[in-house]
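Enquirer: What follows is structure.csv; its format and atoms are CSV, C-alpha atoms and all ligand atoms.
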chain,number,residue,atom,x,y,z
A,656,MET,CA,0.0,0.0,0.0
A,657,SER,CA,1.4,3.4,-1.0
A,658,ALA,CA,1.5,6.3,1.5
A,659,GLY,CA,-1.2,8.0,-0.5
A,660,GLU,CA,-3.5,4.9,-0.3
A,661,ARG,CA,-2.9,4.6,3.4
A,662,SER,CA,-3.7,8.3,3.9
A,663,ASP,CA,-6.9,8.0,1.9
A,664,ALA,CA,-8.0,4.9,3.9
A,665,ILE,CA,-7.3,6.5,7.2
A,666,SER,CA,-9.0,9.7,6.2
A,667,VAL,CA,-12.2,7.7,5.4
A,668,LEU,CA,-12.1,6.4,9.0
A,669,THR,CA,-11.3,9.7,10.7
A,670,HIS,CA,-14.1,11.5,8.7
A,671,LEU,CA,-16.8,9.0,9.4
A,672,ARG,CA,-19.5,11.0,11.2
A,673,ALA,CA,-23.1,10.3,12.3
A,674,VAL,CA,-25.3,12.1,9.8
A,675,ARG,CA,-28.8,12.7,11.0
A,676,SER,CA,-30.1,14.9,8.2
A,677,LEU,CA,-30.9,12.9,5.1
A,678,SER,CA,-32.6,13.8,1.8
A,679,ASP,CA,-35.6,11.9,0.4
A,680,GLU,CA,-33.5,10.4,-2.4
A,681,PRO,CA,-33.9,6.6,-2.1
A,682,VAL,CA,-31.0,4.3,-1.5
A,683,ALA,CA,-30.2,2.2,-4.6
A,684,ASP,CA,-30.9,-1.5,-4.3
A,685,ASP,CA,-27.3,-2.4,-5.1
A,686,ALA,CA,-26.0,-0.2,-2.3
A,687,LEU,CA,-28.4,-1.8,0.1
A,688,ASP,CA,-27.3,-5.2,-1.0
A,689,ALA,CA,-23.6,-4.3,-0.5
A,690,ILE,CA,-24.3,-2.8,2.9
A,691,LEU,CA,-26.1,-6.0,4.0
A,692,GLU,CA,-23.3,-8.2,2.7
A,693,VAL,CA,-20.8,-6.2,4.8
A,694,ALA,CA,-23.1,-6.5,7.8
A,695,ARG,CA,-23.3,-10.2,7.3
A,696,TRP,CA,-19.6,-10.4,7.6
A,697,SER,CA,-19.4,-8.5,10.9
A,698,GLY,CA,-17.6,-10.2,13.7
A,699,SER,CA,-19.3,-11.5,16.8
A,700,SER,CA,-18.5,-13.2,20.0
A,701,GLN,CA,-17.7,-16.8,19.3
A,702,ASN,CA,-19.0,-16.1,15.8
A,703,GLU,CA,-22.5,-16.7,17.1
A,704,GLN,CA,-24.1,-14.1,14.8
A,705,GLU,CA,-27.1,-13.7,17.0
A,706,TRP,CA,-28.4,-10.7,15.1
A,707,GLN,CA,-31.3,-10.3,12.8
A,708,LEU,CA,-31.6,-7.2,10.6
A,709,VAL,CA,-34.9,-5.6,9.8
A,710,VAL,CA,-34.7,-3.3,6.7
A,711,LEU,CA,-37.1,-0.4,7.0
A,712,ARG,CA,-38.3,1.8,4.3
A,713,ASP,CA,-41.9,2.4,5.4
A,714,ARG,CA,-42.4,6.0,6.5
A,715,GLU,CA,-45.0,5.1,9.1
A,716,THR,CA,-42.8,2.5,10.7
A,717,LEU,CA,-39.9,4.9,10.8
A,718,ARG,CA,-42.1,7.6,12.3
A,719,ARG,CA,-43.3,5.3,15.0
A,720,LEU,CA,-39.7,4.2,15.8
A,721,SER,CA,-38.6,7.9,15.9
A,722,GLN,CA,-41.0,8.4,18.8
A,723,ALA,CA,-39.5,5.5,20.8
A,724,SER,CA,-36.8,7.8,22.1
A,725,PRO,CA,-36.1,11.5,22.4
A,726,SER,CA,-32.8,11.0,20.5
A,727,ALA,CA,-34.4,9.1,17.6
A,728,GLY,CA,-36.3,12.0,15.9
A,729,HIS,CA,-34.1,11.8,12.8
A,730,LEU,CA,-35.5,8.3,12.0
A,731,ALA,CA,-38.7,9.9,10.7
A,732,GLY,CA,-36.8,11.6,7.9
A,733,ALA,CA,-34.6,8.7,6.8
A,734,PRO,CA,-35.3,7.0,3.4
A,735,LEU,CA,-33.9,3.8,4.8
A,736,ALA,CA,-32.9,2.3,8.1
A,737,ILE,CA,-31.8,-1.0,9.5
A,738,ALA,CA,-32.9,-2.2,12.9
A,739,ILE,CA,-30.5,-4.5,14.6
A,740,VAL,CA,-32.5,-7.2,16.5
A,741,MET,CA,-30.8,-9.3,19.2
A,742,PRO,CA,-32.0,-12.0,21.5
A,743,GLY,CA,-31.6,-9.6,24.5
A,744,GLN,CA,-30.3,-12.3,26.8
A,745,ARG,CA,-26.5,-11.8,27.2
A,746,LYS,CA,-26.6,-8.1,27.4
A,747,ILE,CA,-22.8,-7.2,27.4
A,748,LEU,CA,-21.9,-9.6,24.7
A,749,GLU,CA,-24.8,-8.6,22.5
A,750,ALA,CA,-24.1,-4.9,23.0
A,751,PHE,CA,-20.5,-5.4,21.9
A,752,ASP,CA,-21.6,-7.4,18.8
A,753,GLU,CA,-24.3,-4.9,18.0
A,754,GLY,CA,-21.8,-2.0,18.2
A,755,ARG,CA,-19.5,-3.7,15.8
A,756,MET,CA,-22.4,-4.3,13.4
A,757,VAL,CA,-23.4,-0.7,13.6
A,758,GLU,CA,-20.0,0.6,12.8
A,759,ARG,CA,-19.6,-1.8,9.8
A,760,ILE,CA,-23.0,-0.7,8.4
A,761,MET,CA,-21.9,2.9,8.7
A,762,LEU,CA,-18.6,2.2,7.0
A,763,ALA,CA,-20.3,0.2,4.2
A,764,ALA,CA,-22.8,3.1,3.7
A,765,ASN,CA,-19.9,5.5,3.5
A,766,ALA,CA,-18.1,3.2,1.0
A,767,CYS,CA,-21.3,3.4,-1.2
A,768,GLY,CA,-21.2,7.2,-1.1
A,769,LEU,CA,-24.0,7.4,1.4
A,770,ALA,CA,-24.3,8.8,4.9
A,771,ALA,CA,-25.5,7.0,8.0
A,772,GLY,CA,-26.5,7.7,11.6
A,773,MET,CA,-27.9,5.8,14.4
A,774,ALA,CA,-30.4,6.0,17.2
A,775,TRP,CA,-31.1,4.0,20.3
A,776,VAL,CA,-34.8,3.3,20.5
A,777,SER,CA,-34.8,1.8,23.9
A,778,SER,CA,-36.4,4.6,25.9
A,779,ASP,CA,-39.8,3.1,24.9
A,780,LYS,CA,-38.8,-0.5,24.2
A,781,ALA,CA,-42.5,-1.6,24.0
A,782,ALA,CA,-43.2,1.0,21.2
A,783,ALA,CA,-40.1,0.0,19.3
A,784,ARG,CA,-41.0,-3.7,19.6
A,785,GLU,CA,-44.5,-3.0,18.5
A,786,ALA,CA,-43.4,-1.0,15.5
A,787,LEU,CA,-41.2,-3.9,14.3
A,788,GLY,CA,-43.6,-6.7,15.3
A,789,LEU,CA,-40.9,-8.4,17.3
A,790,PRO,CA,-41.6,-11.8,19.0
A,791,ALA,CA,-41.2,-12.0,22.8
A,792,ASP,CA,-37.7,-13.5,22.5
A,793,ARG,CA,-36.2,-10.7,20.5
A,794,SER,CA,-35.1,-7.2,21.5
A,795,VAL,CA,-34.2,-4.0,19.6
A,796,ARG,CA,-32.0,-1.2,20.8
A,797,THR,CA,-30.2,0.3,17.7
A,798,VAL,CA,-31.5,1.5,14.4
A,799,VAL,CA,-29.1,2.7,11.7
A,800,THR,CA,-30.3,5.3,9.3
A,801,ILE,CA,-28.9,5.4,5.7
A,802,GLY,CA,-29.3,7.8,2.9
A,803,HIS,CA,-27.9,10.8,1.0
A,804,PRO,CA,-27.0,13.7,3.2
A,805,ALA,CA,-29.5,16.6,3.0
A,806,GLY,CA,-28.4,19.9,1.7
A,807,GLY,CA,-25.9,18.6,-0.8
A,808,GLY,CA,-23.1,18.3,1.8
A,809,ARG,CA,-21.2,15.1,1.7
A,810,ARG,CA,-21.0,14.9,5.4
A,811,PRO,CA,-22.5,17.8,7.3
A,812,GLY,CA,-20.5,18.8,10.3
A,813,ALA,CA,-17.6,16.6,9.2
A,814,GLY,CA,-14.1,17.3,10.6
A,815,PRO,CA,-12.0,15.0,12.6
A,816,HIS,CA,-10.4,17.7,14.7
A,817,GLY,CA,-12.2,19.7,17.3
A,818,THR,CA,-14.9,17.1,17.8
A,819,ARG,CA,-12.8,14.6,19.7
A,820,ARG,CA,-10.4,14.7,22.7
A,821,ARG,CA,-6.8,15.0,21.7
A,822,LEU,CA,-4.6,11.9,21.7
A,823,GLU,CA,-2.7,13.2,24.7
A,824,GLU,CA,-5.9,13.2,26.7
A,825,THR,CA,-6.7,9.6,25.6
A,826,VAL,CA,-3.5,7.5,25.3
A,827,HIS,CA,-1.2,6.2,28.1
A,828,HIS,CA,2.1,4.4,27.5
A,829,GLU,CA,2.9,1.2,29.3
A,830,ARG,CA,1.3,2.4,32.6
A,831,TRP,CA,-1.8,4.3,33.5
A,832,GLY,CA,-1.0,8.0,33.7
A,833,ARG,CA,2.2,7.8,31.6
A,834,ARG,CA,1.3,10.3,28.9
A,835,GLU,CA,4.8,10.8,27.4
A,836,ASP,CA,5.2,9.0,24.1
A,837,PRO,CA,8.6,7.1,24.4
A,838,ARG,CA,9.2,7.0,20.6
B,901,LIG,C1,-23.9,3.7,21.9
B,901,LIG,C2,-24.3,4.9,21.1
B,901,LIG,C3,-25.6,5.3,21.1
B,901,LIG,C4,-26.0,6.4,20.3
B,901,LIG,N1,-27.3,6.8,20.3
B,901,LIG,C5,-27.6,7.8,19.5
B,901,LIG,C6,-29.0,8.3,19.5
B,901,LIG,O1,-29.9,7.7,20.1
B,901,LIG,N2,-29.3,9.3,18.6
B,901,LIG,C7,-28.4,9.9,17.8
B,901,LIG,O2,-28.7,10.8,17.1
B,901,LIG,N3,-27.1,9.5,17.9
B,901,LIG,C8,-26.7,8.5,18.7
B,901,LIG,N4,-25.4,8.1,18.7
B,901,LIG,C9,-24.4,8.8,17.8
B,901,LIG,C10,-23.5,9.7,18.7
B,901,LIG,O3,-24.3,10.7,19.2
B,901,LIG,C11,-22.3,10.2,17.8
B,901,LIG,O4,-21.6,9.1,17.4
B,901,LIG,C12,-21.4,11.1,18.6
B,901,LIG,O5,-22.1,12.2,18.9
B,901,LIG,C13,-20.2,11.5,17.8
B,901,LIG,O6,-20.6,12.1,16.6
B,901,LIG,P1,-19.9,11.7,15.2
B,901,LIG,O7,-19.9,10.2,15.2
B,901,LIG,O8,-20.7,12.4,14.2
B,901,LIG,O9,-18.5,12.3,15.3
B,901,LIG,C14,-25.0,7.0,19.5
B,901,LIG,C15,-23.7,6.5,19.4
B,901,LIG,C16,-23.4,5.5,20.2
B,901,LIG,C17,-22.0,4.9,20.2
Before we go any further, please render this structure as structure tokens.
Ligand SMILES: Cc1cc2nc3c(=O)[nH]c(=O)nc-3n(C[C@H](O)[C@H](O)[C@H](O)COP(=O)(O)O)c2cc1C
Expert:
Amino acid sequence: MSAGERSDAISVLTHLRAVRSLSDEPVADDALDAILEVARWSGSSQNEQEWQLVVLRDRETLRRLSQASPSAGHLAGAPLAIAIVMPGQRKILEAFDEGRMVERIMLAANACGLAAGMAWVSSDKAAAREALGLPADRSVRTVVTIGHPAGGGRRPGAGPHGTRRRLEETVHHERWGRREDPR
């Protein structure tokens, strides 16, 4: 890999942002297929792949889900979303697997030239379950929204600096509290 290729690949990762404002433009079928294929290959604890994915395009379902949490309002305006459904039994393992799945879906959307965001719909779990028609042995927490960013901007609000703590505030070397980089 050349230095330029590496720089481009790293830039994709550092610029990945949660985009909540999406246009009405539909997501192409081949993009959705590619995103789902990436999702299928997500890693999980002991490769158990406990997830099921519900693809959502219906406005009314998205509107109902958007009301399941104060932080989920943007679901109502998304042309497409994917709800990640888990058994809801082994909470820590499942949350980790689910987080990996979300990140991969967002990266796959980005690779398709799309934007993505997410919302937890667990404030009103019953409403979210009802909207999706889940059976008693399944649970939903995260819904990933996918589409074209509204307003023409590739990634509104994008910018890797200023929206994160500096490395010096985050990284320790060898021992807790040792901030000095030995290199
Ligand atoms: C566990 C988790 C839950 C989140 N829940 C929501 C949510 O309910 N609604 C929302 O708009 N964004 C949600 N987000 C997205 C974060 O707000 C977002 O990643 C964070 O503000 C950083 O923004 P950026 O990724 O655009 O840089 C969630 C992110 C994580 C990791």
Enquirer: Can you pull out every residue within 7 Å of Trp775 (chain A), counting all atoms listed in the file, but drop anything in the same chain fewer than 2 positions away, and send it as an MDAnalysis selection string?
Expert: chainID A and resid 727 773 777 796:798
Enquirer: Can you tell me which residues sit at most 10 Å away from ligand LIG 901 (chain B), counting all atoms listed in the file, written as a ChimeraX atom specification?
Expert: /A:669-676,721,723-730,750-751,753-755,757-758,761,771-778,796-800,810-819
Enquirer: Let me make sure I understand: among A:Lys780, A:Arg712, A:Arg830, A:Arg793, which one has the smallest atom-to-atom distance to Ile739 (chain A) if we use only C-alpha atoms?
Expert: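 Residue with the minimum atom-to-atom distance to Ile739 (chain A): A:Arg793.
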Enquirer: Could you jot down the CA of Glu705 (chain A) to CA of Leu668 (chain A) separation for me, Å, one decimal place?
Expert: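 Going from CA of Glu705 (chain A) over to CA of Leu668 (chain A) covers 26.3 Å.
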Enquirer: Rounded to one decimal in Å, what is the spacing between CA of Ala805 (chain A) and CA of Val682 (chain A)?
Expert: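 Separating CA of Ala805 (chain A) from CA of Val682 (chain A) is a distance of 13.2 Å.
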Enquirer: Calculated over only C-alpha atoms, which of the candidates A:Leu677, A:Leu769, A:Leu748, A:Ala781 has the smallest distance to Trp706 (chain A)?
Expert: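 Between A:Leu677, A:Leu769, A:Leu748, A:Ala781, the residue approaching Trp706 (chain A) most closely is A:Leu748.
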Enquirer: Using all atoms listed in the file, pick whichever of A:Leu735, A:Pro742, A:Ile747, A:Asp836 has the shortest atom-to-atom distance to Glu680 (chain A).
Expert: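 Under the stated criterion, the closest residue is A:Leu735.
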Enquirer: Measuring between all atoms listed in the file, which one of A:Gly698, A:Pro734, A:Asp663, A:Val740 shows the shortest distance to Leu787 (chain A)?
Expert: A:Val740
Enquirer: Find the residues around Leu822 (chain A) up to 10 Å (all atoms listed in the file counted), leave out those fewer than 4 positions away in its own chain, and share them as a ChimeraX atom specification.
Expert: /A:826-827,834
Enquirer: For a cut-off of 10 Å around (-39.2, -7.3, 26.7), file coordinates, pick out all residues using all atoms listed in the file and list them as a list of chain:residue names.
Expert: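 Within 10 Å of (-39.2, -7.3, 26.7), the protein and nucleic acid residues are A:Gly743, A:Lys780, A:Ala781, A:Arg784, A:Leu789, A:Pro790, A:Ala791, A:Asp792, A:Arg793, A:Ser794, A:Val795.
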Enquirer: Measure the distance from CA of Gly768 (chain A) to CA of His803 (chain A) in Å and round it to one decimal.
Expert: 7.9 Å
Enquirer: Pick out the closest residue to Ala733 (chain A) from this set: A:Ala770, A:Val667, A:Leu687, A:Ala694. Count only C-alpha atoms.
Expert: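 Once distances to Ala733 (chain A) are computed over only C-alpha atoms, the minimum belongs to A:Ala770.
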Enquirer: Would you please work out which residue, of A:Gly788, A:Asp752, A:Pro804, A:Asn765, is nearest to Gln701 (chain A) when using only C-alpha atoms?
Expert: A:Asp752
